[in-house]
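Below: entry-v2.tsv (TSV, C-alpha atoms)
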chain	number	residue	atom	x	y	z
A	3	MET	CA	-19.54	111.29	57.84
A	4	ARG	CA	-19.38	112.40	61.42
A	5	ARG	CA	-21.71	115.01	62.67
A	6	ILE	CA	-21.71	116.88	65.95
A	7	GLY	CA	-23.78	114.82	68.31
A	8	GLY	CA	-23.87	111.12	68.75
A	9	ASP	CA	-25.81	109.95	65.74
A	10	ARG	CA	-22.79	108.21	64.25
A	11	ARG	CA	-23.95	105.03	65.94
A	12	LEU	CA	-27.47	105.07	64.60
A	13	PHE	CA	-26.55	103.08	61.52
A	14	GLY	CA	-23.58	101.45	63.17
A	15	GLY	CA	-25.51	98.51	64.53
A	16	ASP	CA	-26.18	99.59	68.10
A	17	VAL	CA	-29.71	100.80	67.41
A	18	PHE	CA	-31.17	98.11	69.63
A	19	GLU	CA	-28.94	98.97	72.51
A	20	GLU	CA	-29.91	102.62	72.20
A	21	LEU	CA	-33.58	101.74	71.98
A	22	ALA	CA	-33.18	99.73	75.17
A	23	ILE	CA	-31.65	102.76	76.89
A	24	CYS	CA	-34.50	104.89	75.56
A	25	ARG	CA	-37.01	102.42	76.96
A	26	ARG	CA	-35.33	102.42	80.37
A	27	LEU	CA	-35.30	106.21	80.50
A	28	LEU	CA	-38.99	106.32	79.61
A	29	GLY	CA	-39.70	103.65	82.19
A	30	ALA	CA	-38.00	105.79	84.82
A	31	LYS	CA	-40.14	108.76	83.77
A	32	VAL	CA	-43.31	106.72	84.12
A	33	ARG	CA	-42.31	105.35	87.53
A	34	GLY	CA	-41.41	108.90	88.60
A	35	GLN	CA	-44.84	110.18	87.63
A	36	LEU	CA	-46.61	107.31	89.35
A	37	GLN	CA	-44.81	108.11	92.61
A	38	TYR	CA	-47.05	111.17	93.07
A	39	ARG	CA	-50.34	109.29	92.95
A	40	VAL	CA	-52.66	112.17	93.88
A	41	SER	CA	-50.97	114.49	91.41
A	42	PHE	CA	-51.13	111.86	88.69
A	43	GLY	CA	-54.78	111.12	89.41
A	44	LEU	CA	-55.69	114.79	89.37
A	45	GLN	CA	-53.91	115.30	86.06
A	46	ILE	CA	-55.87	112.43	84.54
A	47	VAL	CA	-59.13	113.75	86.00
A	48	GLY	CA	-58.32	117.26	84.76
A	49	ASN	CA	-57.63	115.96	81.28
A	50	VAL	CA	-60.86	113.99	81.24
A	51	ALA	CA	-62.75	117.08	82.48
A	52	ILE	CA	-61.42	119.27	79.67
A	53	HIS	CA	-62.53	116.87	76.97
A	54	GLY	CA	-65.75	116.16	78.82
A	55	ALA	CA	-66.51	119.89	78.83
A	56	GLU	CA	-65.82	120.13	75.11
A	57	LEU	CA	-68.03	117.14	74.36
A	58	ILE	CA	-70.83	118.60	76.50
A	59	ALA	CA	-70.57	121.95	74.71
A	60	LEU	CA	-70.55	120.17	71.35
A	61	LEU	CA	-73.69	118.20	72.15
A	62	ALA	CA	-75.38	121.32	73.59
A	63	LEU	CA	-74.67	123.10	70.30
A	64	PHE	CA	-76.42	120.34	68.38
A	65	ARG	CA	-79.39	120.63	70.70
A	66	THR	CA	-80.13	123.95	69.00
A	67	PHE	CA	-78.94	123.16	65.48
A	68	ASN	CA	-79.77	119.58	64.56
A	69	THR	CA	-77.19	119.46	61.81
A	70	LEU	CA	-74.27	121.63	60.78
A	71	GLY	CA	-73.24	121.38	57.14
A	72	GLY	CA	-75.05	118.07	56.90
A	73	TRP	CA	-73.28	116.53	59.89
A	74	SER	CA	-75.21	115.43	62.95
A	75	GLY	CA	-74.02	115.92	66.53
A	76	GLY	CA	-73.17	112.24	66.96
A	77	GLU	CA	-71.08	112.23	63.80
A	78	VAL	CA	-69.16	115.34	64.83
A	79	ALA	CA	-68.60	113.85	68.29
A	80	PHE	CA	-67.29	110.68	66.62
A	81	LEU	CA	-64.85	112.64	64.48
A	82	TYR	CA	-63.83	114.87	67.39
A	83	ALA	CA	-63.03	111.85	69.51
A	84	LEU	CA	-61.26	110.05	66.67
A	85	ALA	CA	-59.11	113.10	65.95
A	86	TYR	CA	-58.23	113.51	69.61
A	87	ILE	CA	-57.18	109.89	70.00
A	88	SER	CA	-54.46	110.28	67.38
A	89	PHE	CA	-53.51	113.62	68.93
A	90	ALA	CA	-53.21	111.98	72.35
A	91	ILE	CA	-51.09	109.14	71.00
A	92	ALA	CA	-48.74	111.68	69.43
A	93	HIS	CA	-48.67	113.69	72.65
A	94	ILE	CA	-47.88	110.72	74.85
A	95	MET	CA	-45.29	109.22	72.52
A	96	ALA	CA	-43.52	112.47	71.63
A	97	THR	CA	-43.85	114.64	74.74
A	98	GLY	CA	-40.14	115.35	74.45
A	99	TYR	CA	-40.66	116.86	71.02
A	100	GLY	CA	-43.52	118.97	72.33
A	101	GLN	CA	-40.97	120.73	74.51
A	102	PHE	CA	-38.13	120.62	71.99
A	103	GLY	CA	-38.23	124.37	71.31
A	104	ARG	CA	-37.97	125.22	74.99
A	105	MET	CA	-35.20	122.66	75.34
A	106	ILE	CA	-33.11	124.45	72.69
A	107	LEU	CA	-33.85	127.87	74.19
A	108	ARG	CA	-32.76	126.79	77.66
A	109	GLY	CA	-29.57	125.32	76.26
A	110	ASP	CA	-30.47	121.79	77.38
A	111	PHE	CA	-30.06	120.49	73.85
A	112	ASP	CA	-26.34	121.26	74.03
A	113	ARG	CA	-26.14	118.72	76.83
A	114	VAL	CA	-27.93	116.16	74.67
A	115	LEU	CA	-25.51	116.71	71.80
A	116	THR	CA	-22.46	116.01	73.92
A	117	ARG	CA	-23.67	112.54	74.89
A	118	PRO	CA	-22.70	109.56	72.77
A	119	ILE	CA	-26.29	108.44	72.24
A	120	ASN	CA	-28.52	109.29	69.34
A	121	PRO	CA	-29.98	112.79	70.01
A	122	PHE	CA	-33.32	111.88	68.44
A	123	LEU	CA	-33.87	109.08	70.94
A	124	GLN	CA	-32.60	111.22	73.81
A	125	VAL	CA	-35.12	113.96	73.12
A	126	LEU	CA	-37.82	111.35	72.67
A	127	ALA	CA	-36.95	109.84	76.03
A	128	SER	CA	-36.65	113.18	77.81
A	129	ASP	CA	-40.29	113.21	78.85
A	130	LEU	CA	-43.45	111.14	78.73
A	131	ASN	CA	-46.72	112.78	79.51
A	132	LEU	CA	-49.26	110.23	80.62
A	133	ARG	CA	-52.03	112.64	81.50
A	134	HIS	CA	-53.43	112.42	77.97
A	135	LEU	CA	-54.23	108.77	78.72
A	136	GLY	CA	-57.30	109.97	80.61
A	137	GLY	CA	-58.82	111.86	77.73
A	138	MET	CA	-57.75	109.13	75.34
A	139	LEU	CA	-59.54	106.33	77.18
A	140	GLN	CA	-62.61	108.53	77.58
A	141	LEU	CA	-62.70	109.34	73.88
A	142	ILE	CA	-62.03	105.75	72.82
A	143	ALA	CA	-65.18	104.96	74.78
A	144	ALA	CA	-66.92	107.85	73.00
A	145	VAL	CA	-65.82	106.55	69.59
A	146	ALA	CA	-67.02	103.07	70.45
A	147	ALA	CA	-70.37	104.38	71.70
A	148	GLN	CA	-70.86	106.63	68.69
A	149	ALA	CA	-69.81	103.91	66.27
A	150	ARG	CA	-72.54	101.76	67.76
A	151	LEU	CA	-75.15	104.53	67.75
A	152	LEU	CA	-74.29	105.65	64.23
A	153	ASP	CA	-73.80	102.11	62.95
A	154	VAL	CA	-70.36	102.90	61.61
A	155	THR	CA	-68.39	99.94	60.40
A	156	ILE	CA	-64.75	100.28	59.57
A	157	GLU	CA	-64.06	98.00	56.66
A	158	GLU	CA	-60.85	96.12	56.49
A	159	PRO	CA	-60.00	97.14	52.92
A	160	ALA	CA	-60.43	100.73	54.11
A	161	ILE	CA	-57.77	100.27	56.77
A	162	GLU	CA	-55.55	98.65	54.19
A	163	ASP	CA	-56.05	101.68	51.94
A	164	ILE	CA	-55.15	104.07	54.74
A	165	VAL	CA	-51.98	102.17	55.55
A	166	ARG	CA	-51.04	101.92	51.89
A	167	GLY	CA	-51.76	105.63	51.47
A	168	ILE	CA	-49.52	106.63	54.36
A	169	TYR	CA	-46.82	104.22	53.19
A	170	GLU	CA	-46.82	105.57	49.66
A	171	ASP	CA	-46.87	109.15	50.89
A	172	GLY	CA	-43.92	108.36	53.08
A	173	LEU	CA	-41.99	107.11	50.07
A	174	GLY	CA	-42.75	110.37	48.32
A	175	ASP	CA	-44.66	108.43	45.70
A	176	ARG	CA	-47.55	110.85	45.53
A	177	GLY	CA	-49.78	110.97	42.53
A	178	ALA	CA	-49.38	107.35	41.58
A	179	ASP	CA	-52.46	105.42	42.67
A	180	SER	CA	-53.41	108.24	45.04
A	181	THR	CA	-55.48	106.62	47.72
A	182	ASP	CA	-58.30	108.82	48.86
A	183	TYR	CA	-58.14	108.35	52.59
A	184	THR	CA	-60.07	111.50	53.40
A	185	GLY	CA	-63.29	109.85	52.31
A	186	GLY	CA	-63.62	112.42	49.57
A	187	ARG	CA	-65.70	114.71	51.79
A	188	THR	CA	-68.74	113.66	49.87
A	189	GLY	CA	-71.94	113.53	51.80
A	190	HIS	CA	-71.57	111.87	55.13
A	191	SER	CA	-68.87	109.36	54.39
A	192	LEU	CA	-66.41	109.19	57.24
A	193	SER	CA	-62.73	108.62	56.77
A	194	GLY	CA	-62.19	105.02	55.84
A	195	ALA	CA	-65.60	104.08	57.11
A	196	SER	CA	-68.94	103.40	55.60
A	197	GLN	CA	-72.17	103.94	57.36
A	198	THR	CA	-75.85	103.52	57.00
A	199	PRO	CA	-78.31	105.85	58.72
A	200	GLY	CA	-79.09	104.22	62.04
B	12	MET	CA	-41.34	138.58	102.55
B	13	LYS	CA	-40.79	141.45	100.20
B	14	PRO	CA	-41.90	144.94	101.34
B	15	PHE	CA	-44.80	145.40	98.99
B	16	ASN	CA	-48.49	144.66	98.97
B	17	TYR	CA	-48.68	141.07	97.72
B	18	TYR	CA	-52.27	141.29	96.49
B	19	GLY	CA	-51.63	144.66	94.82
B	20	TYR	CA	-48.60	143.21	93.09
B	21	TRP	CA	-50.62	140.44	91.47
B	22	VAL	CA	-53.47	142.81	90.59
B	23	ALA	CA	-51.01	145.11	88.81
B	24	ARG	CA	-49.46	142.20	86.92
B	25	ASP	CA	-52.81	140.88	85.86
B	26	VAL	CA	-54.18	144.28	84.76
B	27	GLY	CA	-51.06	144.66	82.62
B	28	ARG	CA	-51.53	141.18	81.18
B	29	ALA	CA	-55.20	141.79	80.41
B	30	GLY	CA	-54.47	145.22	78.90
B	31	ALA	CA	-51.82	143.77	76.61
B	32	GLN	CA	-54.21	140.99	75.56
B	33	ILE	CA	-56.94	143.51	74.71
B	34	LEU	CA	-54.58	145.74	72.70
B	35	MET	CA	-52.64	143.02	70.94
B	36	ARG	CA	-55.17	140.23	70.49
B	37	GLY	CA	-58.68	141.51	71.15
B	38	ALA	CA	-58.77	144.87	69.37
B	39	PRO	CA	-57.00	143.85	66.12
B	40	THR	CA	-59.14	140.73	65.80
B	41	LEU	CA	-62.32	142.73	66.30
B	42	PHE	CA	-61.12	145.36	63.82
B	43	ILE	CA	-60.24	142.85	61.09
B	44	GLY	CA	-63.45	140.96	61.74
B	45	ALA	CA	-65.46	144.18	61.44
B	46	LEU	CA	-63.79	144.93	58.09
B	47	LEU	CA	-64.45	141.48	56.63
B	48	TYR	CA	-67.84	140.66	58.06
B	49	ASP	CA	-71.01	142.40	59.02
B	50	VAL	CA	-70.38	142.61	62.75
B	51	ALA	CA	-73.09	143.65	65.19
B	52	MET	CA	-71.94	146.76	67.08
B	53	PRO	CA	-73.40	148.41	70.16
B	54	ASP	CA	-75.79	150.94	68.62
B	55	ARG	CA	-75.31	153.83	71.06
B	56	PRO	CA	-72.09	155.32	72.51
B	57	GLY	CA	-73.54	154.70	75.96
B	58	ASN	CA	-73.58	150.96	75.22
B	59	TRP	CA	-69.86	151.04	74.44
B	60	LEU	CA	-69.37	152.60	77.87
B	61	LEU	CA	-71.44	149.85	79.51
B	62	PHE	CA	-69.49	147.21	77.58
B	63	GLY	CA	-66.18	148.78	78.67
B	64	THR	CA	-67.31	148.79	82.30
B	65	SER	CA	-68.38	145.18	81.97
B	66	VAL	CA	-64.99	144.18	80.53
B	67	ILE	CA	-63.16	145.89	83.40
B	68	LEU	CA	-65.37	144.10	85.93
B	69	ALA	CA	-64.79	140.82	84.05
B	70	ILE	CA	-61.02	141.27	84.29
B	71	GLY	CA	-61.44	141.81	88.03
B	72	VAL	CA	-63.65	138.75	88.51
B	73	SER	CA	-61.33	136.62	86.38
B	74	PHE	CA	-58.39	137.74	88.48
B	75	GLY	CA	-60.26	137.09	91.72
B	76	LEU	CA	-61.10	133.55	90.62
B	77	ARG	CA	-57.59	132.73	89.49
B	78	PHE	CA	-56.07	134.26	92.60
B	79	LEU	CA	-58.17	132.00	94.82
B	80	LEU	CA	-57.26	129.05	92.65
B	81	ASN	CA	-53.54	129.72	92.66
B	82	ILE	CA	-53.43	130.49	96.35
B	83	SER	CA	-54.64	126.94	96.96
B	84	ALA	CA	-50.99	126.07	96.21
B	85	PHE	CA	-50.27	127.12	99.80
B	86	TRP	CA	-52.08	123.97	100.92
B	87	LEU	CA	-52.11	121.73	97.88
B	88	ILE	CA	-48.82	120.73	96.36
B	89	TYR	CA	-50.41	119.47	93.19
B	90	VAL	CA	-51.64	122.49	91.26
B	91	ILE	CA	-51.39	121.20	87.70
B	92	GLY	CA	-54.35	118.86	87.98
B	93	ILE	CA	-56.43	121.49	89.76
B	94	GLY	CA	-55.47	123.93	87.01
B	95	SER	CA	-56.79	121.83	84.15
B	96	LEU	CA	-59.82	120.78	86.15
B	97	SER	CA	-60.73	124.40	86.84
B	98	ALA	CA	-60.00	125.37	83.23
B	99	ALA	CA	-62.60	122.81	82.15
B	100	VAL	CA	-65.17	124.15	84.63
B	101	ILE	CA	-64.49	127.80	83.77
B	102	ASN	CA	-64.56	127.17	80.00
B	103	LEU	CA	-67.90	125.46	80.27
B	104	LEU	CA	-69.65	127.68	82.85
B	105	SER	CA	-68.38	131.05	81.65
B	106	GLY	CA	-69.81	130.60	78.16
B	107	MET	CA	-66.34	130.44	76.64
B	108	LEU	CA	-66.90	127.18	74.75
B	109	LEU	CA	-70.51	127.88	73.89
B	110	PRO	CA	-72.84	130.74	74.91
B	111	LEU	CA	-74.83	129.68	77.96
B	112	THR	CA	-78.14	130.27	76.19
B	113	PHE	CA	-77.52	127.17	74.04
B	114	PHE	CA	-77.51	124.90	77.07
B	115	PRO	CA	-80.59	123.31	78.66
B	116	GLY	CA	-82.55	125.62	80.97
B	117	TRP	CA	-81.42	124.03	84.25
B	118	PHE	CA	-77.79	124.33	83.20
B	119	GLU	CA	-78.17	127.98	82.26
B	120	THR	CA	-79.92	128.75	85.56
B	121	THR	CA	-77.14	127.09	87.54
B	122	ALA	CA	-74.44	128.88	85.53
B	123	ASN	CA	-76.21	132.21	86.07
B	124	LEU	CA	-75.94	131.75	89.83
B	125	LEU	CA	-72.18	131.12	89.67
B	126	PRO	CA	-69.43	133.74	89.28
B	127	PHE	CA	-67.97	132.25	86.08
B	128	ARG	CA	-70.50	133.84	83.73
B	129	ALA	CA	-69.25	137.28	84.84
B	130	VAL	CA	-65.99	136.58	82.98
B	131	ILE	CA	-67.27	135.98	79.44
B	132	MET	CA	-71.03	135.84	79.17
B	133	SER	CA	-71.82	139.13	80.91
B	134	PRO	CA	-69.49	141.32	78.78
B	135	ILE	CA	-70.85	139.67	75.61
B	136	GLN	CA	-74.43	140.36	76.65
B	137	ALA	CA	-73.51	143.93	77.56
B	138	TYR	CA	-71.94	144.30	74.09
B	139	LEU	CA	-75.05	142.96	72.38
B	140	GLY	CA	-77.33	144.92	74.72
B	141	GLN	CA	-79.19	141.71	75.62
B	142	GLY	CA	-81.36	141.64	78.69
B	143	ASN	CA	-81.02	144.01	81.60
B	144	VAL	CA	-77.47	145.34	81.28
B	145	ALA	CA	-77.63	147.24	84.58
B	146	LEU	CA	-78.45	143.99	86.35
B	147	LEU	CA	-75.58	142.23	84.56
B	148	LEU	CA	-73.11	144.86	85.73
B	149	LEU	CA	-74.49	144.71	89.26
B	150	GLY	CA	-74.05	140.93	89.28
B	151	GLN	CA	-70.45	141.27	88.11
B	152	ALA	CA	-69.73	143.98	90.74
B	153	VAL	CA	-71.18	141.83	93.53
B	154	TRP	CA	-69.01	138.87	92.53
B	155	LEU	CA	-65.99	141.13	92.22
B	156	VAL	CA	-66.43	142.40	95.79
B	157	ILE	CA	-67.02	138.88	97.15
B	158	LEU	CA	-63.94	137.53	95.35
B	159	ILE	CA	-61.67	140.41	96.42
B	160	PHE	CA	-62.62	140.02	100.07
B	161	GLY	CA	-62.44	136.23	99.77
B	162	GLY	CA	-59.01	136.44	98.19
B	163	LEU	CA	-57.68	138.86	100.79
B	164	GLY	CA	-59.13	136.76	103.61
B	165	VAL	CA	-57.60	133.53	102.33
B	166	LEU	CA	-54.31	135.33	101.69
B	167	GLY	CA	-54.32	136.49	105.33
B	168	VAL	CA	-54.80	132.93	106.55
B	169	ALA	CA	-52.17	131.63	104.11
B	170	THR	CA	-49.48	134.12	105.14
B	171	ARG	CA	-50.09	133.32	108.78
B	172	CYS	CA	-49.60	129.63	108.01
B	173	VAL	CA	-46.35	130.39	106.22
B	174	VAL	CA	-45.08	132.46	109.15
B	175	VAL	CA	-45.85	129.61	111.56
B	176	GLN	CA	-44.06	127.11	109.30
B	177	GLY	CA	-41.11	129.42	108.69
B	178	GLY	CA	-40.73	130.42	112.34
Would you mind giving the structure from this file in structure tokens?
Amino acid sequence: MRRIGGDRRLFGGDVFEELAICRRLLGAKVRGQLQYRVSFGLQIVGNVAIHGAELIALLALFRTFNTLGGWSGGEVAFLYALAYISFAIAHIMATGYGQFGRMILRGDFDRVLTRPINPFLQVLASDLNLRHLGGMLQLIAAVAAQARLLDVTIEEPAIEDIVRGIYEDGLGDRGADSTDYTGGRTGHSLSGASQTPG
Amino acid sequence: MKPFNYYGYWVARDVGRAGAQILMRGAPTLFIGALLYDVAMPDRPGNWLLFGTSVILAIGVSFGLRFLLNISAFWLIYVIGIGSLSAAVINLLSGMLLPLTFFPGWFETTANLLPFRAVIMSPIQAYLGQGNVALLLLGQAVWLVILIFGGLGVLGVATRCVVVQGG
């Protein structure tokens, strides 16, 4: 079946060629951003500052209230940072899809559809926002520091469970052997992690 | 250069923006919140008046700050980074993320000396009737005057630069 747009080749065997094009387009985007060094640096610094401000406010809050709903400031900071890291990965990898709505509104998606390359990859390659790298590195450091302070250990079987859970969810095989990768929200147990009071 | 007052143009735009935000986002949220929860209200009509005055001053100060920030684009070509950097500073020092009273004493003292608290913290304290409201309003008014004159002054310098470049 042929659809409007170029996705006829997606299953036709040229996926690797299209991925290579996608990679080259993204590479050009990255080089383009790195050309304006001051701008790039300031964007990174700005991103770090925003998350720094939020972390400071969070810790200041826990100065007054030692715990909120049984969670300590360090634990909330750990979860905040962990949540942001996945958010940042999504933001960096799929910047194009962050602006997809605007792209359709402006009529730019029409241009994408006329090209003989898979539209999904084209939109994906249309932009790459590296400024979230700043906040991401900062919060990876925060997660590492908190994990040390809180004595959090991420067990390997836990990771396996998470992966299996996502995999089974993806297959639409819910219900069967439902893996509880939310940690059950009981007490202090963190997602896929066990901890002892440190 | 278009034949209108540049500063007045941006003031008018921003007052319209702020008014729409109050009517469409602020007031309904407050109303629904007041229906669902036990919300603390200013106890006397006079306090509502003080709160209203404080909000108007806050809009002015907020505009003054953002005008100075945006006008830096005349000299700096990279405004995006400055924008997020200043958003972080304003969020933290205005009491937007967390009321300033939760922070350590030295932080609160520093924030009280800066104009940012006039944007969020002062109207909230006027609403709650905390502290000396007259002093709060005076502080906001002083910052408003400083920022207006600062903005106009910088704008004067900026337009002269543009004329030199364009000529």
Gap from CA of Val66 in chain B to CA of Phe15 in chain B - Å, one decimal: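 Atom-to-atom, CA of Val66 in chain B to CA of Phe15 in chain B, that is 27.4 Å.
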Between CA of Leu132 in chain A and CA of Ile91 in chain A - distance in Å to one decimal: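 We find that CA of Ile91 in chain A and CA of Leu132 in chain A lie 9.9 Å from each other.
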Near chain A, 7 Å: chain B residue rows, closest pairs, all atoms listed in the file, as CSV:
residue,atom,partner,partner_atom,distance
B:Tyr89,CA,A:Ser41,CA,5.3
B:Ile91,CA,A:Gln45,CA,6.6
B:Gly92,CA,A:Gln45,CA,4.1
B:Ile93,CA,A:Leu44,CA,6.8
B:Ser95,CA,A:Gly48,CA,4.9
B:Leu96,CA,A:Gly48,CA,4.1
B:Ala99,CA,A:Ile52,CA,4.5
B:Leu103,CA,A:Ala55,CA,5.9
B:Leu108,CA,A:Ala59,CA,6.4
B:Leu109,CA,A:Ala59,CA,6.0
B:Phe113,CA,A:Leu63,CA,6.2
B:Phe114,CA,A:Ala62,CA,5.4
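Residues within 7 Å of Ala122 in chain B, counting all atoms listed in the file and excluding same-chain residues fewer than 4 positions away, are Leu104, Phe118 and Arg128 of chain B.
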Point-to-point distance in Å for CA of Gly44 in chain B and CA of Gly63 in chain B: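 Result for CA of Gly63 in chain B versus CA of Gly44 in chain B: 18.8 Å, one decimal.
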Test item: residues at most 12 Å from Val153 in chain B, all atoms listed in the file, excluding those fewer than 3 positions along its chain, as a ChimeraX atom specification: /B:68-69,71-72,124-126,129,146-150,156-160
Written selection (C-alpha atoms) as an mmCIF file, keeping the file's coordinate frame:
data_model
loop_
_atom_site.group_PDB
_atom_site.id
_atom_site.type_symbol
_atom_site.label_atom_id
_atom_site.label_comp_id
_atom_site.auth_asym_id
_atom_site.auth_seq_id
_atom_site.Cartn_x
_atom_site.Cartn_y
_atom_site.Cartn_z
ATOM 1 C CA LEU B 68 -65.370 144.100 85.930
ATOM 2 C CA ALA B 69 -64.790 140.820 84.050
ATOM 3 C CA GLY B 71 -61.440 141.810 88.030
ATOM 4 C CA VAL B 72 -63.650 138.750 88.510
ATOM 5 C CA LEU B 124 -75.940 131.750 89.830
ATOM 6 C CA LEU B 125 -72.180 131.120 89.670
ATOM 7 C CA PRO B 126 -69.430 133.740 89.280
ATOM 8 C CA ALA B 129 -69.250 137.280 84.840
ATOM 9 C CA LEU B 146 -78.450 143.990 86.350
ATOM 10 C CA LEU B 147 -75.580 142.230 84.560
ATOM 11 C CA LEU B 148 -73.110 144.860 85.730
ATOM 12 C CA LEU B 149 -74.490 144.710 89.260
ATOM 13 C CA GLY B 150 -74.050 140.930 89.280
ATOM 14 C CA VAL B 156 -66.430 142.400 95.790
ATOM 15 C CA ILE B 157 -67.020 138.880 97.150
ATOM 16 C CA LEU B 158 -63.940 137.530 95.350
ATOM 17 C CA ILE B 159 -61.670 140.410 96.420
ATOM 18 C CA PHE B 160 -62.620 140.020 100.070
#
